[in-house]
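File shown here: work-v2.cif, holding mmCIF, C-alpha atoms.
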```cif
data_coords
#
loop_
_atom_site.label_atom_id
_atom_site.label_comp_id
_atom_site.auth_asym_id
_atom_site.auth_seq_id
_atom_site.Cartn_x
_atom_site.Cartn_y
_atom_site.Cartn_z
CA MET A 5 0.00 0.00 0.00
CA ASN A 6 1.22 3.52 -0.76
CA ALA A 7 2.91 5.49 2.02
CA LEU A 8 2.09 9.19 2.21
CA CYS A 9 3.05 12.40 3.95
CA GLY A 10 2.48 16.13 3.66
CA LEU A 11 2.02 19.43 5.39
CA LEU A 12 -0.35 22.38 5.66
CA HIS A 13 0.63 25.91 6.67
CA LEU A 14 -2.29 27.05 8.82
CA ASP A 15 -1.43 30.73 8.25
CA GLY A 16 -1.69 30.33 4.46
CA ALA A 17 2.04 30.70 3.76
CA PRO A 18 3.39 28.74 0.75
CA ALA A 19 4.52 25.22 1.57
CA ASP A 20 8.27 24.71 1.86
CA PRO A 21 9.50 22.12 -0.71
CA ALA A 22 12.66 21.48 1.30
CA HIS A 23 10.61 20.47 4.32
CA LEU A 24 8.58 18.05 2.20
CA ARG A 25 11.75 16.51 0.74
CA ARG A 26 13.03 15.82 4.25
CA MET A 27 9.74 14.15 5.12
CA THR A 28 9.70 11.97 2.00
CA THR A 29 13.27 10.83 2.68
CA ALA A 30 12.24 9.76 6.18
CA LEU A 31 9.09 8.14 4.78
CA ALA A 32 11.10 6.07 2.30
CA ASP A 33 13.41 4.82 5.08
CA GLY A 34 15.83 3.32 2.59
CA ARG A 35 13.17 1.82 0.29
CA THR A 36 13.46 2.34 -3.43
CA GLY A 37 10.52 3.38 -5.56
CA PRO A 38 8.97 6.53 -7.00
CA ARG A 39 8.66 9.50 -4.64
CA LEU A 40 6.02 11.77 -6.11
CA CYS A 41 5.22 15.23 -4.77
CA TRP A 42 2.67 17.94 -5.41
CA GLN A 43 2.51 21.46 -4.00
CA GLY A 44 -0.22 24.06 -4.19
CA GLY A 45 -0.32 27.17 -2.00
CA PRO A 46 -0.12 26.25 1.69
CA VAL A 47 -0.33 22.49 1.07
CA ALA A 48 2.21 19.92 -0.09
CA LEU A 49 1.50 16.20 -0.56
CA ALA A 50 3.86 13.31 -1.26
CA CYS A 51 3.48 9.62 -2.00
CA LEU A 52 5.88 6.71 -1.97
CA ASP A 53 4.54 4.19 -4.44
CA GLY A 54 4.26 0.99 -2.47
CA GLU A 55 3.14 -1.29 -5.30
CA THR A 56 2.67 -1.21 -9.02
CA ARG A 57 -0.90 -2.01 -9.99
CA ARG A 58 -2.67 -1.10 -13.20
CA GLU A 59 -5.63 0.45 -11.37
CA GLU A 60 -3.29 2.83 -9.49
CA ARG A 61 -2.41 4.72 -12.69
CA PRO A 62 -2.06 7.71 -12.95
CA PRO A 63 0.52 8.12 -10.16
CA GLN A 64 -0.30 10.00 -6.99
CA PRO A 65 -0.71 12.66 -5.70
CA VAL A 66 -3.74 13.19 -7.93
CA TRP A 67 -4.71 16.79 -8.72
CA ASP A 68 -7.76 17.99 -10.66
CA GLU A 69 -7.47 21.52 -12.06
CA THR A 70 -11.21 21.85 -12.70
CA SER A 71 -12.42 21.10 -9.17
CA GLY A 72 -9.28 22.28 -7.37
CA VAL A 73 -9.18 19.01 -5.41
CA GLY A 74 -6.03 16.95 -4.88
CA LEU A 75 -5.34 13.90 -2.79
CA VAL A 76 -2.89 11.20 -1.86
CA ALA A 77 -4.10 7.81 -0.67
CA GLY A 78 -3.26 4.28 0.28
CA SER A 79 -6.26 2.06 -0.37
CA ARG A 80 -7.61 -1.36 -1.19
CA LEU A 81 -11.31 -0.78 -1.82
CA ILE A 82 -13.54 -3.85 -2.09
CA ASN A 83 -16.66 -1.99 -3.24
CA ARG A 84 -15.19 -0.28 -6.30
CA GLY A 85 -17.97 -1.45 -8.62
CA GLU A 86 -20.68 -0.19 -6.27
CA LEU A 87 -18.90 3.14 -5.81
CA HIS A 88 -18.49 3.57 -9.55
CA SER A 89 -22.21 3.00 -10.15
CA GLN A 90 -23.25 5.44 -7.42
CA LEU A 91 -20.81 8.17 -8.47
CA ALA A 92 -21.56 7.82 -12.19
CA ALA A 93 -25.07 9.08 -11.44
CA HIS A 94 -23.54 12.40 -10.37
CA LEU A 95 -20.27 12.79 -12.31
CA PRO A 96 -18.83 11.63 -15.63
CA LEU A 97 -16.39 8.80 -14.84
CA PRO A 98 -13.99 6.75 -16.95
CA ASP A 99 -14.74 3.05 -17.31
CA SER A 100 -11.87 1.93 -15.09
CA PRO A 101 -10.90 4.80 -12.77
CA SER A 102 -8.09 4.43 -10.25
CA GLU A 103 -9.02 4.15 -6.60
CA ALA A 104 -7.58 7.63 -6.00
CA TYR A 105 -9.88 8.97 -8.74
CA LEU A 106 -12.88 7.31 -7.05
CA LEU A 107 -11.92 8.78 -3.66
CA ARG A 108 -11.69 12.26 -5.14
CA ALA A 109 -15.03 11.85 -6.89
CA ALA A 110 -16.60 10.58 -3.64
CA TRP A 111 -15.47 13.77 -1.89
CA GLN A 112 -16.93 15.92 -4.66
CA VAL A 113 -20.31 14.19 -4.37
CA TRP A 114 -20.64 13.45 -0.64
CA GLY A 115 -18.10 15.64 1.17
CA VAL A 116 -17.11 14.38 4.62
CA GLU A 117 -19.86 11.76 4.41
CA CYS A 118 -17.85 9.93 1.74
CA ALA A 119 -16.13 7.99 4.53
CA HIS A 120 -19.41 6.13 5.17
CA ARG A 121 -19.44 4.88 1.56
CA LEU A 122 -15.98 3.30 1.45
CA ASP A 123 -15.48 -0.39 2.15
CA GLY A 124 -12.02 -1.90 2.57
CA ASP A 125 -8.66 -0.90 4.01
CA TRP A 126 -7.83 2.71 3.21
CA HIS A 127 -6.52 6.06 4.36
CA PHE A 128 -6.22 9.29 2.44
CA VAL A 129 -5.51 13.01 2.71
CA LEU A 130 -7.38 15.46 0.47
CA TRP A 131 -6.96 19.19 -0.15
CA ASP A 132 -10.03 21.11 -1.35
CA ALA A 133 -8.48 24.36 -2.60
CA PRO A 134 -11.72 26.34 -3.24
CA ALA A 135 -12.91 25.61 0.32
CA ARG A 136 -9.35 25.84 1.74
CA ARG A 137 -10.09 22.63 3.60
CA LEU A 138 -7.84 19.68 4.43
CA PHE A 139 -9.54 16.33 4.99
CA LEU A 140 -7.89 13.24 6.50
CA ALA A 141 -9.74 9.96 6.93
CA ARG A 142 -9.02 6.40 7.94
CA SER A 143 -10.99 3.19 7.49
CA HIS A 144 -12.72 1.51 10.40
CA ALA A 145 -10.63 -1.64 9.79
CA GLY A 146 -7.66 0.15 11.38
CA CYS A 147 -5.00 -1.73 9.39
CA SER A 148 -3.53 1.46 7.92
CA ALA A 149 -2.55 4.56 9.90
CA LEU A 150 -2.36 8.35 9.80
CA TYR A 151 -0.23 10.37 12.22
CA TYR A 152 -0.03 14.14 12.66
CA ARG A 153 1.93 16.78 14.56
CA GLN A 154 1.83 20.57 14.77
CA LEU A 155 5.01 22.61 14.36
CA GLY A 156 4.09 26.25 15.02
CA ASN A 157 1.67 27.20 12.24
CA THR A 158 2.39 24.02 10.29
CA LEU A 159 0.42 20.79 10.51
CA LEU A 160 2.47 17.75 9.45
CA PHE A 161 0.95 14.36 8.65
CA ALA A 162 2.16 10.97 7.45
CA SER A 163 1.23 7.31 7.29
CA THR A 164 4.18 6.46 9.57
CA GLN A 165 5.66 8.30 12.55
CA LYS A 166 9.19 8.60 11.19
CA PRO A 167 8.63 11.77 9.07
CA LEU A 168 7.22 13.50 12.18
CA ILE A 169 10.12 12.96 14.56
CA GLY A 170 13.59 14.47 14.66
CA LEU A 171 12.27 17.88 13.56
CA ALA A 172 14.46 20.95 14.10
CA GLY A 173 13.41 22.94 17.14
CA LEU A 174 11.17 20.21 18.54
CA ALA A 175 11.94 17.73 21.29
CA ASP A 176 10.73 14.17 20.76
CA ARG A 177 9.50 13.56 24.29
CA PRO A 178 8.55 9.96 25.14
CA ASN A 179 4.92 9.47 26.14
CA LEU A 180 5.07 7.46 29.36
CA ALA A 181 1.27 7.23 29.55
CA ARG A 182 1.20 5.56 26.14
CA MET A 183 3.88 3.12 27.23
CA ALA A 184 1.66 2.17 30.16
CA GLU A 185 -1.27 1.68 27.74
CA ILE A 186 0.80 -0.83 25.77
CA LEU A 187 0.97 -2.94 28.93
CA CYS A 188 -2.79 -2.52 29.43
CA PRO A 189 -4.31 -2.71 25.90
CA ASP A 190 -7.89 -2.26 27.13
CA ALA A 191 -7.04 1.31 28.14
CA GLU A 192 -5.85 2.39 24.65
CA ASP A 193 -7.61 5.49 23.29
CA GLY A 194 -6.41 5.05 19.69
CA ALA A 195 -5.05 8.61 19.43
CA THR A 196 -1.86 8.73 21.52
CA THR A 197 1.54 7.42 20.41
CA GLY A 198 4.93 6.82 21.98
CA TYR A 199 5.72 10.53 21.55
CA VAL A 200 3.90 13.27 23.47
CA ASP A 201 3.37 15.60 20.49
CA VAL A 202 2.72 12.99 17.79
CA LEU A 203 -0.92 11.98 17.54
CA ARG A 204 -2.73 9.32 15.56
CA LEU A 205 -6.08 9.58 13.82
CA PRO A 206 -8.05 6.66 15.31
CA PRO A 207 -9.73 4.08 13.08
CA ALA A 208 -13.21 5.07 11.82
CA HIS A 209 -12.45 8.78 12.25
CA TRP A 210 -12.00 11.74 9.94
CA MET A 211 -10.34 15.09 10.54
CA VAL A 212 -11.15 18.41 8.88
CA VAL A 213 -8.77 21.38 9.07
CA ASP A 214 -10.09 24.72 7.81
CA GLY A 215 -10.63 28.32 8.87
CA GLY A 216 -12.79 27.10 11.75
CA GLY A 217 -9.98 25.07 13.29
CA VAL A 218 -9.40 21.34 13.60
CA HIS A 219 -12.40 19.02 13.86
CA ILE A 220 -12.18 15.27 14.48
CA ARG A 221 -15.21 13.00 14.36
CA ARG A 222 -15.90 9.31 14.57
CA TYR A 223 -18.06 8.30 11.60
CA TRP A 224 -18.61 4.54 12.17
CA PHE A 225 -19.93 2.59 15.17
CA PRO A 226 -20.28 -1.22 15.14
CA GLU A 227 -23.49 -1.01 17.15
CA ASP A 228 -25.12 0.83 14.24
CA MET A 229 -24.79 -2.19 11.97
CA ALA A 230 -28.06 -3.94 11.19
CA GLU A 231 -28.50 -7.29 12.91
CA GLU A 232 -28.80 -10.20 10.51
CA ARG A 233 -30.55 -13.42 11.50
CA LEU A 234 -30.21 -16.55 9.35
CA GLU A 235 -31.98 -19.88 9.52
CA SER A 236 -29.07 -22.12 10.58
CA ASP A 237 -25.42 -22.33 11.63
CA ASN A 238 -24.56 -23.51 8.12
CA ALA A 239 -26.20 -20.41 6.67
CA TYR A 240 -24.02 -18.22 8.87
CA ALA A 241 -20.91 -20.14 7.77
CA GLU A 242 -21.86 -19.75 4.09
CA LYS A 243 -22.49 -16.04 4.53
CA LEU A 244 -19.11 -15.60 6.23
CA LEU A 245 -17.35 -17.44 3.40
CA CYS A 246 -19.16 -15.25 0.89
CA LEU A 247 -18.00 -12.08 2.66
CA LEU A 248 -14.43 -13.38 2.96
CA GLY A 249 -14.40 -14.19 -0.74
CA ARG A 250 -15.66 -10.71 -1.58
CA ALA A 251 -12.98 -9.13 0.62
#
```

What does the file become when written as structure tokens?
Amino acid sequence: MNALCGLLHLDGAPADPAHLRRMTTALADGRTGPRLCWQGGPVALACLDGETRREERPPQPVWDETSGVGLVAGSRLINRGELHSQLAAHLPLPDSPSEAYLLRAAWQVWGVECAHRLDGDWHFVLWDAPARRLFLARSHAGCSALYYRQLGNTLLFASTQKPLIGLAGLADRPNLARMAEILCPDAEDGATTGYVDVLRLPPAHWMVVDGGGVHIRRYWFPEDMAEERLESDNAYAEKLLCLLGRA
């Protein structure tokens, strides 16, 4: 899955390419592969291509001049066909769009509610230039990750912690409370990390950063799922196998 990182200057200042290059070097951590970057105004996004798959063309970050929306994502969507059908009723779509294209289209149609429509393992960061809004979201499966840290007027984010530590002028203070949580997993809040100032977006949450500040919301709750009753144990087993095959 693609690794990603980026930054947003909260005061609107142009993003610093040198800072993004340092982050992408830390993100790569010695791995080879394309490091692709995009910069627009106060935002810069970068992607380390984790795998070569036909459906991931064109390379990320993806930027659309018409809508002013760009994003970088790591995703394995299992409801691509369903998404394509739903989105095609609102927007013109190519026959075989990349997953990044579908994610961008989902934002254009549903906004923050797009997270409810995505099924699979995914995380992405999106910049909506006309609205001057940054959107970060993570699947409820919790297999992927998104971390963030604030450096003055700059918000930094990445799919691993390494690009967010060792920053000039900042101390990487160990989080003793988090270390205690590791010994008591039931107490984990999903947001803290081993460093005091590095935070994690919990599974099933999205974060919006705009002129109104930073807003984080949980969008999925297991108790909201509809209960399904079948006629026998074998029917449950067959349904489970069907879902596993689909995934």

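Minimum atom-to-atom distances from A:His13, A:Arg177, A:His219, A:Arg233 to Phe161 of chain A were compared using only C-alpha atoms, and the lowest value belongs to A:His13.
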
(request) Would you mind listing what lies within 8 Å of Tyr199 of chain A as a list in words, with all atoms listed in the file counted and same-chain residues fewer than 2 positions away left out? (result)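 Counting only the stated atoms, we get Asp176, Arg177, Pro178, Asn179, Thr196, Thr197, Asp201, Val202 and Leu203 of chain A.
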
(message) I need the output of the PyMOL selection byres ((chain A and resi 241-249) around 12) for this file as a PyMOL selection string; which residues are they?
(response) chain A and resi 82-83+123-124+232-240+250-251

(message) Once the PyMOL selection byres ((chain A and resi 16) around 10) is applied to the coordinates I shared, what remains selected? I want it as a ChimeraX atom specification.
(response) /A:12-15,17-19,45-47,136,157-158

(request) One decimal, Å: what's the distance from atom CA of Ser102 of chain A over to atom CA of Met229 of chain A, could you say? (result)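 Atom CA of Met229 of chain A lies at a distance of 28.6 Å from atom CA of Ser102 of chain A.
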
(request) Using only C-alpha atoms, find the one residue out of A:Leu87, A:Leu122, A:Cys41, A:Ala92 that sits nearest to Pro21 of chain A. (result) A:Cys41

(request) Figure out the distance between atom CA of His127 of chain A and atom CA of Gln64 of chain A, please, to one decimal in Å. (result) 13.5 Å

(message) When you count all atoms listed in the file, which of these residues is closest to Leu107 of chain A: A:Leu130, A:Ala93, A:Ala230, A:Leu24?
(response)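 Answer, going by the shortest atom-to-atom distance: A:Leu130.
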
(request) Considering all atoms listed in the file, state which residue in the set A:Gly34, A:Gly85, A:Pro134, A:Pro206 is at the smallest distance from Asp68 of chain A. (result)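 Checking each of A:Gly34, A:Gly85, A:Pro134, A:Pro206 against Asp68 of chain A, counting all atoms listed in the file, the winner is A:Pro134.
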
(message) Between atom CA of Leu160 of chain A and atom CA of Ala208 of chain A, what distance in Å does the model show, to one decimal?
(response)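 The value is 20.3 Å.
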
(request) Would you kindly return, as a list in words, each protein, DNA or RNA residue with an atom no farther than 12 Å from any atom of Gln90 of chain A, considering only C-alpha atoms and excluding same-chain residues fewer than 2 positions away? (result)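 What passes the distance filter is Asn83, Arg84, Gly85, Glu86, Leu87, His88, Ala92, Ala93, His94, Leu95, Pro96, Leu97, Leu106, Ala109, Ala110, Val113, Trp114, Cys118, Arg121 and Leu122 of chain A.
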
Please return the centre and edge lengths, in Å to one decimal, of a box with edges along x, y and z that contains all listed atoms of segment 199-210 of chain A, widened by 5 Å on every side, as JSON.
```
{"center_x": -3.7, "center_y": 9.8, "center_z": 16.7, "size_x": 28.9, "size_y": 21.5, "size_z": 23.5}
```

Complete the atoms of segment 125-136 of chain A to all heavy atoms and put them out as a PDB file, in the coordinates of the input.
```pdb
ATOM      1  N   ASP A 125      -9.752  -1.422   3.184  1.00  0.00           N
ATOM      2  CA  ASP A 125      -8.660  -0.900   4.010  1.00  0.00           C
ATOM      3  C   ASP A 125      -8.109   0.328   3.297  1.00  0.00           C
ATOM      4  O   ASP A 125      -7.600   0.230   2.182  1.00  0.00           O
ATOM      5  CB  ASP A 125      -7.574  -1.977   4.147  1.00  0.00           C
ATOM      6  CG  ASP A 125      -6.417  -1.524   5.022  1.00  0.00           C
ATOM      7  OD1 ASP A 125      -6.578  -0.524   5.748  1.00  0.00           O
ATOM      8  OD2 ASP A 125      -5.349  -2.160   4.958  1.00  0.00           O
ATOM      9  N   TRP A 126      -8.213   1.482   3.915  1.00  0.00           N
ATOM     10  CA  TRP A 126      -7.830   2.710   3.210  1.00  0.00           C
ATOM     11  C   TRP A 126      -7.503   3.832   4.185  1.00  0.00           C
ATOM     12  O   TRP A 126      -7.923   3.824   5.332  1.00  0.00           O
ATOM     13  CB  TRP A 126      -8.965   3.174   2.278  1.00  0.00           C
ATOM     14  CG  TRP A 126     -10.300   3.309   2.966  1.00  0.00           C
ATOM     15  CD1 TRP A 126     -11.268   2.365   3.052  1.00  0.00           C
ATOM     16  CD2 TRP A 126     -10.796   4.454   3.693  1.00  0.00           C
ATOM     17  NE1 TRP A 126     -12.339   2.832   3.793  1.00  0.00           N
ATOM     18  CE2 TRP A 126     -12.072   4.107   4.188  1.00  0.00           C
ATOM     19  CE3 TRP A 126     -10.279   5.722   3.968  1.00  0.00           C
ATOM     20  CZ2 TRP A 126     -12.837   5.002   4.937  1.00  0.00           C
ATOM     21  CZ3 TRP A 126     -11.049   6.598   4.718  1.00  0.00           C
ATOM     22  CH2 TRP A 126     -12.320   6.233   5.194  1.00  0.00           C
ATOM     23  N   HIS A 127      -6.721   4.777   3.700  1.00  0.00           N
ATOM     24  CA  HIS A 127      -6.520   6.060   4.360  1.00  0.00           C
ATOM     25  C   HIS A 127      -6.159   7.056   3.272  1.00  0.00           C
ATOM     26  O   HIS A 127      -5.542   6.689   2.268  1.00  0.00           O
ATOM     27  CB  HIS A 127      -5.416   5.982   5.434  1.00  0.00           C
ATOM     28  CG  HIS A 127      -4.079   5.594   4.907  1.00  0.00           C
ATOM     29  ND1 HIS A 127      -3.720   4.277   4.689  1.00  0.00           N
ATOM     30  CD2 HIS A 127      -2.999   6.315   4.545  1.00  0.00           C
ATOM     31  CE1 HIS A 127      -2.495   4.207   4.239  1.00  0.00           C
ATOM     32  NE2 HIS A 127      -2.017   5.457   4.129  1.00  0.00           N
ATOM     33  N   PHE A 128      -6.572   8.293   3.439  1.00  0.00           N
ATOM     34  CA  PHE A 128      -6.220   9.290   2.440  1.00  0.00           C
ATOM     35  C   PHE A 128      -6.251  10.690   3.036  1.00  0.00           C
ATOM     36  O   PHE A 128      -6.871  10.931   4.074  1.00  0.00           O
ATOM     37  CB  PHE A 128      -7.133   9.202   1.206  1.00  0.00           C
ATOM     38  CG  PHE A 128      -8.565   9.635   1.408  1.00  0.00           C
ATOM     39  CD1 PHE A 128      -8.972  10.933   1.116  1.00  0.00           C
ATOM     40  CD2 PHE A 128      -9.515   8.728   1.858  1.00  0.00           C
ATOM     41  CE1 PHE A 128     -10.286  11.322   1.283  1.00  0.00           C
ATOM     42  CE2 PHE A 128     -10.839   9.107   2.029  1.00  0.00           C
ATOM     43  CZ  PHE A 128     -11.231  10.417   1.731  1.00  0.00           C
ATOM     44  N   VAL A 129      -5.534  11.603   2.363  1.00  0.00           N
ATOM     45  CA  VAL A 129      -5.510  13.010   2.710  1.00  0.00           C
ATOM     46  C   VAL A 129      -5.901  13.796   1.465  1.00  0.00           C
ATOM     47  O   VAL A 129      -5.358  13.551   0.383  1.00  0.00           O
ATOM     48  CB  VAL A 129      -4.114  13.455   3.197  1.00  0.00           C
ATOM     49  CG1 VAL A 129      -4.118  14.949   3.532  1.00  0.00           C
ATOM     50  CG2 VAL A 129      -3.678  12.635   4.406  1.00  0.00           C
ATOM     51  N   LEU A 130      -6.823  14.719   1.615  1.00  0.00           N
ATOM     52  CA  LEU A 130      -7.380  15.460   0.470  1.00  0.00           C
ATOM     53  C   LEU A 130      -7.339  16.953   0.764  1.00  0.00           C
ATOM     54  O   LEU A 130      -7.650  17.385   1.876  1.00  0.00           O
ATOM     55  CB  LEU A 130      -8.804  14.986   0.214  1.00  0.00           C
ATOM     56  CG  LEU A 130      -9.609  15.649  -0.894  1.00  0.00           C
ATOM     57  CD1 LEU A 130     -10.534  14.618  -1.567  1.00  0.00           C
ATOM     58  CD2 LEU A 130     -10.456  16.810  -0.367  1.00  0.00           C
ATOM     59  N   TRP A 131      -6.963  17.741  -0.244  1.00  0.00           N
ATOM     60  CA  TRP A 131      -6.960  19.190  -0.150  1.00  0.00           C
ATOM     61  C   TRP A 131      -8.000  19.744  -1.111  1.00  0.00           C
ATOM     62  O   TRP A 131      -7.922  19.514  -2.325  1.00  0.00           O
ATOM     63  CB  TRP A 131      -5.591  19.756  -0.460  1.00  0.00           C
ATOM     64  CG  TRP A 131      -5.520  21.252  -0.603  1.00  0.00           C
ATOM     65  CD1 TRP A 131      -5.187  21.968  -1.716  1.00  0.00           C
ATOM     66  CD2 TRP A 131      -5.781  22.225   0.432  1.00  0.00           C
ATOM     67  NE1 TRP A 131      -5.217  23.315  -1.451  1.00  0.00           N
ATOM     68  CE2 TRP A 131      -5.578  23.501  -0.136  1.00  0.00           C
ATOM     69  CE3 TRP A 131      -6.160  22.130   1.771  1.00  0.00           C
ATOM     70  CZ2 TRP A 131      -5.746  24.687   0.585  1.00  0.00           C
ATOM     71  CZ3 TRP A 131      -6.336  23.308   2.496  1.00  0.00           C
ATOM     72  CH2 TRP A 131      -6.127  24.555   1.909  1.00  0.00           C
ATOM     73  N   ASP A 132      -8.986  20.450  -0.566  1.00  0.00           N
ATOM     74  CA  ASP A 132     -10.030  21.110  -1.350  1.00  0.00           C
ATOM     75  C   ASP A 132      -9.666  22.587  -1.405  1.00  0.00           C
ATOM     76  O   ASP A 132      -9.947  23.345  -0.470  1.00  0.00           O
ATOM     77  CB  ASP A 132     -11.385  20.895  -0.686  1.00  0.00           C
ATOM     78  CG  ASP A 132     -12.545  21.388  -1.534  1.00  0.00           C
ATOM     79  OD1 ASP A 132     -12.341  22.317  -2.343  1.00  0.00           O
ATOM     80  OD2 ASP A 132     -13.662  20.848  -1.392  1.00  0.00           O
ATOM     81  N   ALA A 133      -9.003  23.003  -2.510  1.00  0.00           N
ATOM     82  CA  ALA A 133      -8.480  24.360  -2.600  1.00  0.00           C
ATOM     83  C   ALA A 133      -9.570  25.437  -2.563  1.00  0.00           C
ATOM     84  O   ALA A 133      -9.419  26.436  -1.858  1.00  0.00           O
ATOM     85  CB  ALA A 133      -7.618  24.515  -3.852  1.00  0.00           C
ATOM     86  N   PRO A 134     -10.689  25.292  -3.303  1.00  0.00           N
ATOM     87  CA  PRO A 134     -11.720  26.340  -3.240  1.00  0.00           C
ATOM     88  C   PRO A 134     -12.259  26.572  -1.833  1.00  0.00           C
ATOM     89  O   PRO A 134     -12.548  27.709  -1.448  1.00  0.00           O
ATOM     90  CB  PRO A 134     -12.807  25.815  -4.188  1.00  0.00           C
ATOM     91  CG  PRO A 134     -12.089  24.932  -5.146  1.00  0.00           C
ATOM     92  CD  PRO A 134     -11.020  24.281  -4.327  1.00  0.00           C
ATOM     93  N   ALA A 135     -12.406  25.492  -1.059  1.00  0.00           N
ATOM     94  CA  ALA A 135     -12.910  25.610   0.320  1.00  0.00           C
ATOM     95  C   ALA A 135     -11.787  25.833   1.318  1.00  0.00           C
ATOM     96  O   ALA A 135     -12.062  26.055   2.500  1.00  0.00           O
ATOM     97  CB  ALA A 135     -13.688  24.353   0.695  1.00  0.00           C
ATOM     98  N   ARG A 136     -10.513  25.747   0.858  1.00  0.00           N
ATOM     99  CA  ARG A 136      -9.350  25.840   1.740  1.00  0.00           C
ATOM    100  C   ARG A 136      -9.533  24.885   2.934  1.00  0.00           C
ATOM    101  O   ARG A 136      -9.413  25.266   4.092  1.00  0.00           O
ATOM    102  CB  ARG A 136      -9.119  27.277   2.211  1.00  0.00           C
ATOM    103  CG  ARG A 136      -8.851  28.255   1.072  1.00  0.00           C
ATOM    104  CD  ARG A 136      -8.401  29.602   1.566  1.00  0.00           C
ATOM    105  NE  ARG A 136      -7.099  29.555   2.206  1.00  0.00           N
ATOM    106  CZ  ARG A 136      -5.935  29.535   1.561  1.00  0.00           C
ATOM    107  NH1 ARG A 136      -5.902  29.534   0.245  1.00  0.00           N
ATOM    108  NH2 ARG A 136      -4.786  29.514   2.232  1.00  0.00           N
TER     109      ARG A 136
END
```
